[in-house]
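Dropping upload.txt in here (compact mmCIF, C-alpha atoms):
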```txt
# COMPACT_ATOMS: atom_id res chain seq x y z
CA MET A 92 111.49 106.40 123.00
CA LYS A 93 107.75 106.26 123.78
CA ASN A 94 107.13 108.69 120.98
CA LEU A 95 109.01 106.60 118.44
CA ASN A 96 107.33 103.45 119.71
CA SER A 97 103.89 104.84 119.13
CA LYS A 98 104.89 106.37 115.79
CA PHE A 99 106.17 102.99 114.54
CA THR A 100 103.13 101.18 115.89
CA LYS A 101 100.66 103.63 114.38
CA THR A 102 102.34 103.79 110.97
CA PHE A 103 103.05 100.09 110.48
CA ASN A 104 99.72 98.93 111.91
CA GLU A 105 98.11 100.70 108.97
CA MET A 106 100.10 98.58 106.55
CA HIS A 107 98.63 95.29 105.57
CA LEU A 108 97.90 93.39 102.39
CA SER A 109 94.35 93.41 101.10
CA SER A 110 92.80 89.93 100.97
CA GLU A 111 92.79 90.20 97.16
CA LYS A 112 96.52 90.98 97.10
CA GLU A 113 97.19 88.27 99.68
CA ASP A 114 95.51 85.65 97.48
CA TYR A 115 97.22 86.94 94.35
CA LEU A 116 100.66 86.71 95.94
CA LYS A 117 99.93 83.23 97.24
CA GLU A 118 98.97 82.06 93.77
CA LYS A 119 102.19 83.51 92.36
CA ILE A 120 104.22 81.77 95.06
CA ILE A 121 102.65 78.39 94.37
CA SER A 122 102.99 78.72 90.58
CA GLY A 123 106.62 79.78 91.06
CA TYR A 124 107.23 76.70 93.20
CA ARG A 125 105.61 74.38 90.64
CA MET A 126 107.71 75.79 87.84
CA LYS A 127 110.87 75.19 89.84
CA GLN A 128 109.85 71.59 90.54
CA LYS A 129 109.08 71.00 86.88
CA ARG A 130 112.45 72.28 85.78
CA LYS A 131 114.14 69.98 88.28
CA LYS A 132 112.38 66.95 86.83
CA VAL A 133 112.90 67.76 83.17
CA PHE A 134 116.47 68.95 83.00
CA VAL A 135 119.68 67.41 84.19
CA SER A 136 122.07 70.20 84.87
CA VAL A 137 125.55 69.88 83.44
CA ILE A 138 128.23 72.36 84.44
CA ILE A 139 130.74 73.24 81.75
CA VAL A 140 133.76 75.36 82.39
CA PHE A 141 132.98 78.81 81.12
CA GLY A 142 136.41 79.67 79.90
CA ILE A 143 136.26 77.10 77.08
CA LEU A 144 132.88 78.27 75.86
CA LEU A 145 133.68 81.93 76.05
CA ILE A 146 136.19 81.52 73.23
CA GLY A 147 133.43 80.37 70.92
CA THR A 148 130.98 83.07 71.83
CA GLY A 149 133.33 85.98 71.60
CA ILE A 150 132.64 87.15 75.11
CA THR A 151 135.30 88.91 77.05
CA SER A 152 135.54 89.40 80.76
CA ALA A 153 135.30 92.76 82.48
CA LYS A 154 139.05 92.86 82.97
CA ASP A 155 139.47 93.56 79.27
CA LEU A 156 136.83 96.23 79.23
CA ARG A 157 138.91 99.24 79.96
CA VAL A 158 137.42 101.14 77.10
CA ASN A 159 134.46 103.45 77.12
CA LEU A 160 131.64 101.92 75.15
CA ASP A 161 129.14 104.18 73.47
CA LYS A 162 126.68 104.50 76.33
CA LEU A 163 127.09 101.49 78.54
CA ILE A 164 130.41 101.94 80.19
CA MET A 165 132.47 99.48 82.11
CA LYS A 166 135.82 100.39 83.49
CA VAL A 167 138.31 99.58 86.18
CA LYS A 168 138.94 102.17 88.87
CA VAL A 169 140.94 102.22 92.06
CA ASN A 170 139.33 102.49 95.49
CA GLN A 171 140.56 104.54 98.45
CA GLU A 172 142.93 101.77 99.51
CA GLY A 173 144.47 101.74 96.04
CA GLU A 174 142.97 98.37 95.12
CA PRO A 175 141.45 97.94 91.66
CA ILE A 176 137.67 97.61 91.55
CA ASN A 177 135.53 96.87 88.55
CA GLN A 178 132.68 99.19 87.96
CA ILE A 179 129.80 99.03 85.60
CA LEU A 180 128.02 102.20 84.62
CA VAL A 181 124.65 101.45 83.20
CA ARG A 182 123.97 104.81 81.69
CA TYR A 183 121.14 106.09 79.62
CA ASP A 184 121.05 109.76 78.85
CA GLY A 185 117.65 109.81 77.17
CA GLY A 186 116.91 112.41 74.53
CA LYS A 187 114.76 110.15 72.36
CA LYS A 188 112.66 112.03 69.85
CA ILE A 189 109.10 110.69 69.76
CA ASN A 190 105.64 111.94 68.95
CA ASN A 191 105.02 113.53 72.35
CA ASP A 192 101.30 113.78 71.65
CA ALA A 193 100.90 110.01 71.16
CA ASN A 194 97.51 108.70 72.13
CA LEU A 195 98.60 106.25 74.85
CA SER A 196 96.75 105.68 78.12
CA GLU A 197 98.45 106.37 81.44
CA PRO A 198 98.12 103.70 84.15
CA LYS A 199 94.74 104.16 85.83
CA CYS A 200 95.30 102.19 89.02
CA GLU A 201 97.81 99.94 90.73
CA THR A 202 97.87 96.28 89.86
CA GLY A 203 100.24 93.33 89.71
CA ILE A 204 101.51 91.76 86.49
CA ASP A 205 100.94 88.13 85.53
CA SER A 206 104.47 87.46 84.38
CA ILE A 207 103.61 84.13 82.79
CA LEU A 208 100.68 85.32 80.69
CA ASN A 209 102.07 88.85 80.22
CA LYS A 210 99.05 90.81 81.28
CA PRO A 211 97.98 93.03 84.14
CA ILE A 212 96.04 91.25 86.89
CA ASN A 213 93.45 94.00 86.66
CA GLU A 214 93.30 94.71 82.96
CA GLU A 215 91.46 97.96 83.51
CA CYS A 216 94.49 99.45 85.24
CA LEU A 217 97.20 99.16 82.59
CA SER A 218 96.90 99.33 78.81
CA MET A 219 98.61 96.98 76.39
CA TYR A 220 99.93 97.87 72.96
CA SER A 221 101.44 95.89 70.10
CA TYR A 222 104.72 96.80 68.42
CA ASP A 223 102.80 98.22 65.44
CA GLU A 224 100.56 100.36 67.64
CA LEU A 225 103.51 101.73 69.61
CA GLU A 226 105.63 102.39 66.54
CA SER A 227 102.86 104.20 64.71
CA GLU A 228 101.72 106.23 67.74
CA LEU A 229 105.19 107.18 68.91
CA ASN A 230 106.60 107.46 65.39
CA ILE A 231 109.71 105.46 66.28
CA LYS A 232 111.16 102.04 65.58
CA LEU A 233 111.62 99.54 68.40
CA LEU A 234 113.90 96.52 68.41
CA LYS A 235 112.03 93.26 67.93
CA SER A 236 112.97 89.62 67.56
CA ASP A 237 111.63 86.83 65.36
CA LEU A 238 112.18 84.51 68.33
CA PHE A 239 109.56 86.30 70.41
CA LYS A 240 106.18 84.64 70.48
CA LYS A 241 104.55 87.61 72.13
CA ASN A 242 103.88 90.96 70.55
CA ARG A 243 102.09 93.06 73.14
CA PHE A 244 103.68 95.33 75.71
CA ILE A 245 102.22 96.39 79.02
CA LEU A 246 102.52 100.16 79.37
CA GLN A 247 103.67 100.23 82.97
CA ASP A 248 104.43 103.89 83.33
CA LEU A 249 103.90 107.03 81.30
CA LYS A 250 104.71 110.55 82.36
CA ARG A 251 103.58 113.76 80.73
CA GLU A 252 104.48 117.39 81.27
CA ASP A 253 102.06 119.97 79.93
CA GLY A 254 100.30 117.13 78.15
CA LYS A 255 103.49 116.05 76.33
CA ILE A 256 104.98 112.61 76.96
CA THR A 257 108.35 112.81 78.70
CA SER A 258 108.99 109.17 79.59
CA LEU A 259 107.47 105.74 79.32
CA LYS A 260 108.21 102.28 80.57
CA LEU A 261 107.08 99.17 78.72
CA ARG A 262 107.38 95.53 79.64
CA MET A 263 106.74 92.24 77.91
CA GLU A 264 107.01 89.11 80.04
CA ASN A 265 107.83 85.51 79.17
CA VAL A 266 108.47 86.53 75.56
CA LEU A 267 109.32 83.08 74.20
CA THR A 268 105.92 81.62 75.12
CA PRO A 269 102.88 82.26 72.90
CA ASP A 270 99.98 84.32 74.23
CA SER A 271 97.50 82.51 76.46
CA VAL A 272 99.88 79.60 77.15
CA ASP A 273 99.96 79.43 80.94
CA LYS A 274 103.52 78.17 81.34
CA VAL A 275 107.09 78.99 80.39
CA ASN A 276 108.32 77.56 77.10
CA GLY A 277 112.11 77.42 77.06
CA SER A 278 114.04 80.19 78.74
CA TRP A 279 112.17 82.73 80.81
CA ILE A 280 112.89 86.08 79.21
CA ASN A 281 111.37 89.39 80.21
CA MET A 282 111.95 92.50 78.13
CA ARG A 283 111.69 96.05 79.36
CA ILE A 284 111.96 99.24 77.39
CA PHE A 285 112.56 102.65 78.88
CA ILE A 286 112.26 105.82 76.86
CA ASN A 287 113.16 109.21 78.23
CA THR A 288 112.58 112.15 75.92
CA LYS A 289 114.60 114.55 78.03
CA LYS A 290 118.35 114.69 77.69
CA VAL A 291 119.92 113.84 81.04
CA ASN A 292 123.34 115.10 82.02
CA LEU A 293 125.16 112.11 83.41
CA ASP A 294 127.90 112.77 85.86
CA ASP A 295 131.01 110.77 84.91
CA ASP A 296 131.82 109.95 88.49
CA LYS A 297 128.36 108.69 89.32
CA VAL A 298 128.40 104.91 89.34
CA ASP A 299 125.12 103.08 89.10
CA TYR A 300 126.44 99.72 90.09
CA THR A 301 129.70 98.69 91.67
CA VAL A 302 130.98 95.28 92.58
CA GLU A 303 134.47 94.74 93.85
CA ASP A 304 136.84 92.25 92.27
CA SER A 305 134.30 90.74 89.95
CA ALA A 306 136.15 89.94 86.76
CA ASN A 307 133.52 87.37 85.88
CA THR A 308 130.48 89.22 87.08
CA PHE A 309 130.19 91.65 84.20
CA ILE A 310 130.11 90.59 80.62
CA LYS A 311 130.30 92.59 77.45
CA TYR A 312 128.36 91.32 74.45
CA TYR A 313 128.98 92.58 70.96
CA VAL A 314 125.81 92.57 68.88
CA LYS A 315 126.97 92.27 65.30
CA ASN A 316 123.63 93.06 63.62
CA LEU A 317 123.35 96.30 65.55
CA ASP A 318 127.08 97.03 65.64
CA SER A 319 126.60 97.82 69.27
CA PHE A 320 127.58 96.63 72.71
CA ALA A 321 125.36 95.30 75.45
CA ALA A 322 126.43 94.89 79.06
CA GLY A 323 125.41 91.97 81.20
CA ASP A 324 125.40 91.29 84.89
CA LYS A 325 125.47 87.64 85.86
CA THR A 326 124.16 85.94 88.96
CA GLY A 327 124.39 82.18 88.65
CA ARG A 328 122.82 81.42 85.30
CA ILE A 329 120.63 84.52 85.34
CA ARG A 330 121.72 87.32 83.02
CA ILE A 331 120.44 90.86 83.23
CA VAL A 332 121.41 92.57 80.01
CA TYR A 333 121.31 96.25 79.13
CA LEU A 334 121.44 97.74 75.69
CA VAL A 335 121.08 101.35 74.66
CA TYR A 336 120.18 101.57 71.00
CA ASP A 337 118.82 104.53 69.07
CA ASP A 338 118.42 106.49 72.33
CA VAL A 339 116.19 103.81 73.86
CA LEU A 340 117.17 101.66 76.85
CA TYR A 341 116.40 97.96 76.54
CA ASN A 342 116.70 95.53 79.43
CA PHE A 343 116.41 91.77 79.29
CA PHE A 344 116.05 89.43 82.24
CA ILE A 345 117.16 86.00 81.00
CA LEU A 346 116.79 82.77 82.97
CA PRO A 347 118.11 80.12 80.57
CA SER A 348 116.40 76.78 80.44
CA GLY A 349 116.94 73.44 78.69
CA LYS A 350 120.22 73.20 76.82
CA ALA A 351 120.76 76.91 77.39
CA ARG A 352 121.20 76.25 81.13
CA ASP A 353 124.70 75.04 80.38
CA ASN A 354 125.69 78.13 78.52
CA PRO A 355 123.59 81.14 79.47
CA ASP A 356 125.75 83.52 77.43
CA GLU A 357 124.99 81.67 74.21
CA GLU A 358 121.33 82.18 75.05
CA VAL A 359 121.97 85.89 75.59
CA MET A 360 123.74 86.11 72.23
CA ARG A 361 120.93 84.18 70.52
CA ILE A 362 118.47 86.80 71.75
CA LEU A 363 120.68 89.81 71.08
CA ASP A 364 121.63 88.62 67.59
CA SER A 365 117.97 88.22 66.70
CA LEU A 366 117.11 91.85 67.42
CA HIS A 367 116.24 94.08 64.50
CA PHE A 368 114.01 97.01 63.59
CA MET B 104 105.62 65.66 105.66
CA ARG B 105 102.90 64.59 103.32
CA TRP B 106 101.95 66.95 100.51
CA PHE B 107 98.57 68.08 101.87
CA ILE B 108 100.05 68.62 105.34
CA VAL B 109 102.78 70.79 103.80
CA THR B 110 100.19 72.84 101.91
CA ASP B 111 98.02 73.28 105.00
CA ARG B 112 100.99 74.27 107.10
CA PHE B 113 102.20 76.67 104.43
CA ASN B 114 98.76 78.30 104.22
CA GLU B 115 98.66 78.66 107.98
CA ILE B 116 102.10 80.27 108.12
CA TYR B 117 101.37 82.48 105.13
CA HIS B 118 98.21 83.87 106.70
CA LEU B 119 99.88 84.26 110.07
CA TYR B 120 103.00 86.07 108.92
CA ASN B 121 102.50 87.60 105.46
CA ASN B 122 101.79 91.02 106.96
CA ASP B 123 104.75 90.77 109.34
CA VAL B 124 107.08 89.99 106.45
CA TYR B 125 105.47 92.75 104.38
CA ARG B 126 106.00 95.37 107.07
CA LEU B 127 109.59 94.33 107.79
CA VAL B 128 110.58 94.38 104.11
CA PHE B 129 108.73 97.63 103.46
CA SER B 130 110.47 99.30 106.40
CA TYR B 131 113.76 98.57 104.61
CA LEU B 132 112.91 99.03 100.92
CA LEU B 133 110.10 101.60 101.26
CA SER B 134 108.68 100.48 97.91
CA LYS B 135 105.51 98.45 97.41
CA PRO B 136 106.46 96.57 94.19
CA ASP B 137 109.91 95.65 95.56
CA THR B 138 108.35 94.51 98.83
CA GLU B 139 105.94 92.25 96.97
CA ASP B 140 108.81 90.80 94.90
CA VAL B 141 110.71 89.97 98.07
CA MET B 142 107.61 88.44 99.66
CA GLN B 143 107.22 86.11 96.71
CA ARG B 144 110.83 85.01 96.88
CA VAL B 145 110.72 84.45 100.62
CA PHE B 146 107.53 82.40 100.63
CA ILE B 147 108.65 80.32 97.63
CA LYS B 148 111.72 79.44 99.71
CA LEU B 149 109.46 78.50 102.59
CA TYR B 150 107.24 76.38 100.34
CA ASN B 151 110.37 74.60 99.15
CA ASN B 152 111.63 73.96 102.62
CA LYS B 153 109.71 71.23 104.39
CA LYS B 154 112.17 71.16 107.28
CA ILE B 155 111.40 74.77 108.16
CA LEU B 156 107.68 74.11 107.97
CA SER B 157 108.04 71.51 110.71
CA LEU B 158 109.46 74.08 113.18
CA THR B 159 107.40 76.05 115.68
CA ASN B 160 105.61 79.19 114.51
CA GLU B 161 107.98 81.48 116.36
CA GLN B 162 111.04 79.74 114.86
CA ILE B 163 109.50 80.01 111.39
CA LYS B 164 108.86 83.72 111.93
CA LYS B 165 112.54 84.21 112.78
CA TRP B 166 113.55 82.25 109.69
CA LEU B 167 111.20 84.32 107.52
CA PHE B 168 112.66 87.54 108.90
CA LYS B 169 116.21 86.37 108.28
CA VAL B 170 115.52 85.32 104.68
CA SER B 171 113.48 88.52 104.07
CA MET B 172 116.37 90.71 105.19
CA ASN B 173 118.79 88.92 102.85
CA GLU B 174 116.43 89.07 99.88
CA ALA B 175 115.66 92.74 100.54
CA LYS B 176 119.37 93.55 100.58
CA ASP B 177 119.78 91.76 97.23
CA ILE B 178 116.94 93.79 95.72
CA LEU B 179 118.51 97.00 96.93
CA LYS B 180 121.74 96.07 95.13
CA SER B 181 119.97 95.38 91.82
CA PRO B 182 121.33 97.68 89.10
CA TRP B 183 117.98 97.88 87.31
CA ARG B 184 116.30 99.17 90.50
CA LYS B 185 119.05 101.72 91.01
CA LEU B 186 118.77 102.92 87.46
CA MET B 187 115.00 103.17 87.50
CA THR B 188 115.03 104.96 90.84
CA LYS B 189 117.43 107.47 89.40
CA LEU B 190 115.60 108.05 86.15
CA THR B 191 112.02 108.08 87.36
CA ASP B 192 110.19 109.62 90.26
CA ASN B 193 109.74 107.22 93.10
CA ASP B 194 105.98 106.99 93.30
CA ASN B 195 105.86 103.57 94.89
CA SER B 196 105.38 104.62 98.46
CA ILE B 197 102.55 103.19 100.46
CA VAL B 198 99.66 105.41 101.50
CA VAL B 199 99.31 105.91 105.25
CA GLN B 200 97.47 108.67 107.07
CA ASP B 201 100.62 110.12 108.58
CA ASP B 202 103.65 109.43 106.38
CA SER B 203 106.19 111.44 108.35
CA LEU B 204 107.86 108.27 109.66
CA ILE B 205 108.07 106.76 106.16
CA SER B 206 109.58 109.99 104.80
CA ALA B 207 112.06 110.08 107.66
CA LEU B 208 113.03 106.42 107.15
CA ASN B 209 113.54 107.20 103.48
CA ASN B 210 116.14 109.81 104.39
CA ILE B 211 118.23 107.76 106.80
CA LYS B 212 120.79 105.09 105.94
CA PRO B 213 119.16 101.75 104.98
CA ILE B 214 121.35 99.87 107.51
CA TYR B 215 119.56 101.63 110.37
CA ARG B 216 116.03 100.83 109.19
CA ILE B 217 115.69 97.14 110.12
CA PRO B 218 117.15 97.46 113.65
CA LEU B 219 114.81 100.42 114.26
CA TYR B 220 111.81 98.50 112.95
CA LEU B 221 112.59 95.36 114.95
CA TYR B 222 113.21 97.38 118.11
CA TYR B 223 110.33 99.85 117.98
CA TYR B 224 107.64 97.89 116.15
CA GLU B 225 108.36 94.24 116.81
CA GLY B 226 109.64 94.92 120.33
CA TYR B 227 112.79 92.81 119.93
CA SER B 228 115.59 93.28 122.45
CA ILE B 229 119.05 94.35 121.29
CA LYS B 230 120.29 90.82 121.90
CA GLU B 231 117.50 89.31 119.81
CA ILE B 232 118.17 91.76 116.95
CA ALA B 233 121.89 90.96 117.11
CA ILE B 234 121.17 87.23 116.81
CA GLN B 235 118.64 87.79 114.04
CA MET B 236 121.00 89.97 112.02
CA HIS B 237 124.21 88.04 112.77
CA LYS B 238 125.81 91.15 114.24
CA SER B 239 127.35 91.97 117.59
CA GLU B 240 125.21 93.61 120.25
CA SER B 241 127.45 96.68 120.24
CA SER B 242 126.99 97.07 116.49
CA ILE B 243 123.20 96.92 116.88
CA LYS B 244 123.35 99.38 119.78
CA MET B 245 125.33 101.77 117.61
CA ARG B 246 122.94 101.41 114.66
CA LEU B 247 119.95 102.00 116.90
CA ALA B 248 121.49 105.07 118.53
CA ARG B 249 122.58 106.63 115.24
CA GLY B 250 119.37 105.61 113.49
CA LYS B 251 117.25 107.07 116.28
CA GLU B 252 119.25 110.29 116.20
CA ASP B 253 118.95 110.61 112.41
CA LEU B 254 115.29 109.70 112.50
CA LYS B 255 114.54 112.35 115.11
CA LYS B 256 116.41 114.99 113.12
CA GLU B 257 114.48 114.05 110.00
CA MET B 258 111.13 114.04 111.80
CA GLU B 259 111.79 117.37 113.40
CA GLY B 260 112.66 118.64 109.96
CA VAL B 261 109.35 117.29 108.64
CA LYS B 262 107.41 119.12 111.34
```

As structure tokens:
Amino acid sequence: MKNLNSKFTKTFNEMHLSSEKEDYLKEKIISGYRMKQKRKKVFVSVIIVFGILLIGTGITSAKDLRVNLDKLIMKVKVNQEGEPINQILVRYDGGKKINNDANLSEPKCETGIDSILNKPINEECLSMYSYDELESELNIKLLKSDLFKKNRFILQDLKREDGKITSLKLRMENVLTPDSVDKVNGSWINMRIFINTKKVNLDDDKVDYTVEDSANTFIKYYVKNLDSFAAGDKTGRIRIVYLVYDDVLYNFFILPSGKARDNPDEEVMRILDSLHF
Amino acid sequence: MRWFIVTDRFNEIYHLYNNDVYRLVFSYLLSKPDTEDVMQRVFIKLYNNKKILSLTNEQIKKWLFKVSMNEAKDILKSPWRKLMTKLTDNDNSIVVQDDSLISALNNIKPIYRIPLYLYYYEGYSIKEIAIQMHKSESSIKMRLARGKEDLKKEMEGVK
């Protein structure tokens, strides 16, 4: 008991925020609060029954998704008590062929991300690259959208083995707002890209995310332009959407705003339908 | 409360308790970026909640802990976090001189971590933890006993 007491005290006493980090977090908290207040003033929220709108958008609920999609799989299983549970498998098995010798800089130090302006707080820590730079260095094509007002990704993580790139994680924040505009224009959308060059063996029985009895929690989106499916998880009006396309995993965090608040899934479809190489 | 009083009070509470919230959340999530995300969410809620700001410091601390625990649990359920944890190495751990406790906490069930932290670091009684976590005293006792046992096994393993 005494031993554990002193171990906890010693270990956790060493943990504290630096004054720089403390101030940075406080600024983020206050800007987050202001944004929330602004939204309250500007928009009057109207709740429309989803069922009616779903017909128009071609979205089906998870109950109908008893088929295996290409890589994102949603299916209904039975738990130990014999009750049906919906499960979503967000699966990405990697294997993307890229130029493994690409001249991209690994993160040099830890820093936060300014998710409004889409840049690292300490710009010396993380490098940023445009679509063109990434595509030419990696020798691949990445999905882009004409709706996006931003073009530069933060290279958040890059791993190499024997000097060869094995995985990288990119993020672009607040994509609908032009660079250097210190606010959120329209919906707040963050895009993340994950590329794994190694092929991963995914175990069929391994479930990444499970929610019981959630017919309306998971949504399947069909992206006509890409002839591909995306899977979405909904919490209130927030949508977190996953899409595996050309062996690359894309993830979108979508907080709809303005008219889109009333129908977040139309906003998701607007973004997904705009994606192209 | 008038605006400037709210801001002053918020600043006071933030400086008083940001490290307490940080440690509590980290003891559960064991990841720096996730802990910072939760801190932001928790303090935005506080900034939004003028009623809470008018309570005593000790009551506010309890409220902060309660909200932090709920937010941390939500983060742990996030599918993106699960996926990223699976696909990438977890290199988010905090640097401390002796990380045997952190490694051991990482290997025990998450439900044991907060009771252990509140009991051994914050010095809460079992009754206080039960109230804070909306659980029965017997459930907290059980979590502490099992958590302590698992933690000891893990730490002996580390040695």

At a cut-off of 7 Å, can you tabulate as JSON lines every residue of chain A near chain B together with its closest atom pair and the distance in Å to one decimal, using all atoms listed in the file and ordering rows by chain then number?
```
{"residue": "A:Leu95", "atom": "CA", "partner": "B:Tyr223", "partner_atom": "CA", "distance": 6.9}
{"residue": "A:Asn96", "atom": "CA", "partner": "B:Tyr223", "partner_atom": "CA", "distance": 5.0}
{"residue": "A:Phe99", "atom": "CA", "partner": "B:Tyr224", "partner_atom": "CA", "distance": 5.5}
{"residue": "A:Thr100", "atom": "CA", "partner": "B:Tyr224", "partner_atom": "CA", "distance": 5.6}
{"residue": "A:Thr102", "atom": "CA", "partner": "B:Val199", "partner_atom": "CA", "distance": 6.8}
{"residue": "A:Phe103", "atom": "CA", "partner": "B:Arg126", "partner_atom": "CA", "distance": 6.5}
{"residue": "A:Glu105", "atom": "CA", "partner": "B:Val199", "partner_atom": "CA", "distance": 6.5}
{"residue": "A:Met106", "atom": "CA", "partner": "B:Arg126", "partner_atom": "CA", "distance": 6.7}
{"residue": "A:His107", "atom": "CA", "partner": "B:Asn122", "partner_atom": "CA", "distance": 5.5}
{"residue": "A:Leu108", "atom": "CA", "partner": "B:Asn122", "partner_atom": "CA", "distance": 6.5}
{"residue": "A:Leu116", "atom": "CA", "partner": "B:Gln143", "partner_atom": "CA", "distance": 6.6}
{"residue": "A:Ile120", "atom": "CA", "partner": "B:Ile147", "partner_atom": "CA", "distance": 5.3}
{"residue": "A:Gly123", "atom": "CA", "partner": "B:Ile147", "partner_atom": "CA", "distance": 6.9}
{"residue": "A:Tyr124", "atom": "CA", "partner": "B:Ile147", "partner_atom": "CA", "distance": 5.9}
{"residue": "A:Asp299", "atom": "CA", "partner": "B:Lys185", "partner_atom": "CA", "distance": 6.5}
{"residue": "A:Tyr300", "atom": "CA", "partner": "B:Pro182", "partner_atom": "CA", "distance": 5.6}
```

- request: Rounded to one decimal place, report the atom CA of Lys135 of chain B-atom CA of Lys119 of chain A distance in Å.
  value: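 Between atom CA of Lys135 of chain B and atom CA of Lys119 of chain A the gap is 16.1 Å.
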
Atomic separation - atom CA of Phe344 of chain A relative to atom CA of Glu358 of chain A, Å: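 Separating atom CA of Glu358 of chain A from atom CA of Phe344 of chain A is a distance of 11.5 Å.
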
query: From the set A:Lys98, A:Arg243, A:Lys235, A:Arg283, which residue has the shortest atom-to-atom contact distance to Lys260 of chain A, counting only C-alpha atoms?
result: A:Arg283

query: Counting all atoms listed in the file, what is within 8 Å of segment 274-281 of chain A, bar same-chain residues fewer than 3 positions away, as a PyMOL selection string?
result: chain A and resi 207-208+262-268+343-349+351

field: Residue with smallest distance to Ile116 of chain B - pool B:Ala207, B:Ile214, B:Val141, B:Leu156, counting all atoms listed in the file
entry: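 Once distances to Ile116 of chain B are computed over all atoms listed in the file, the minimum belongs to B:Leu156.
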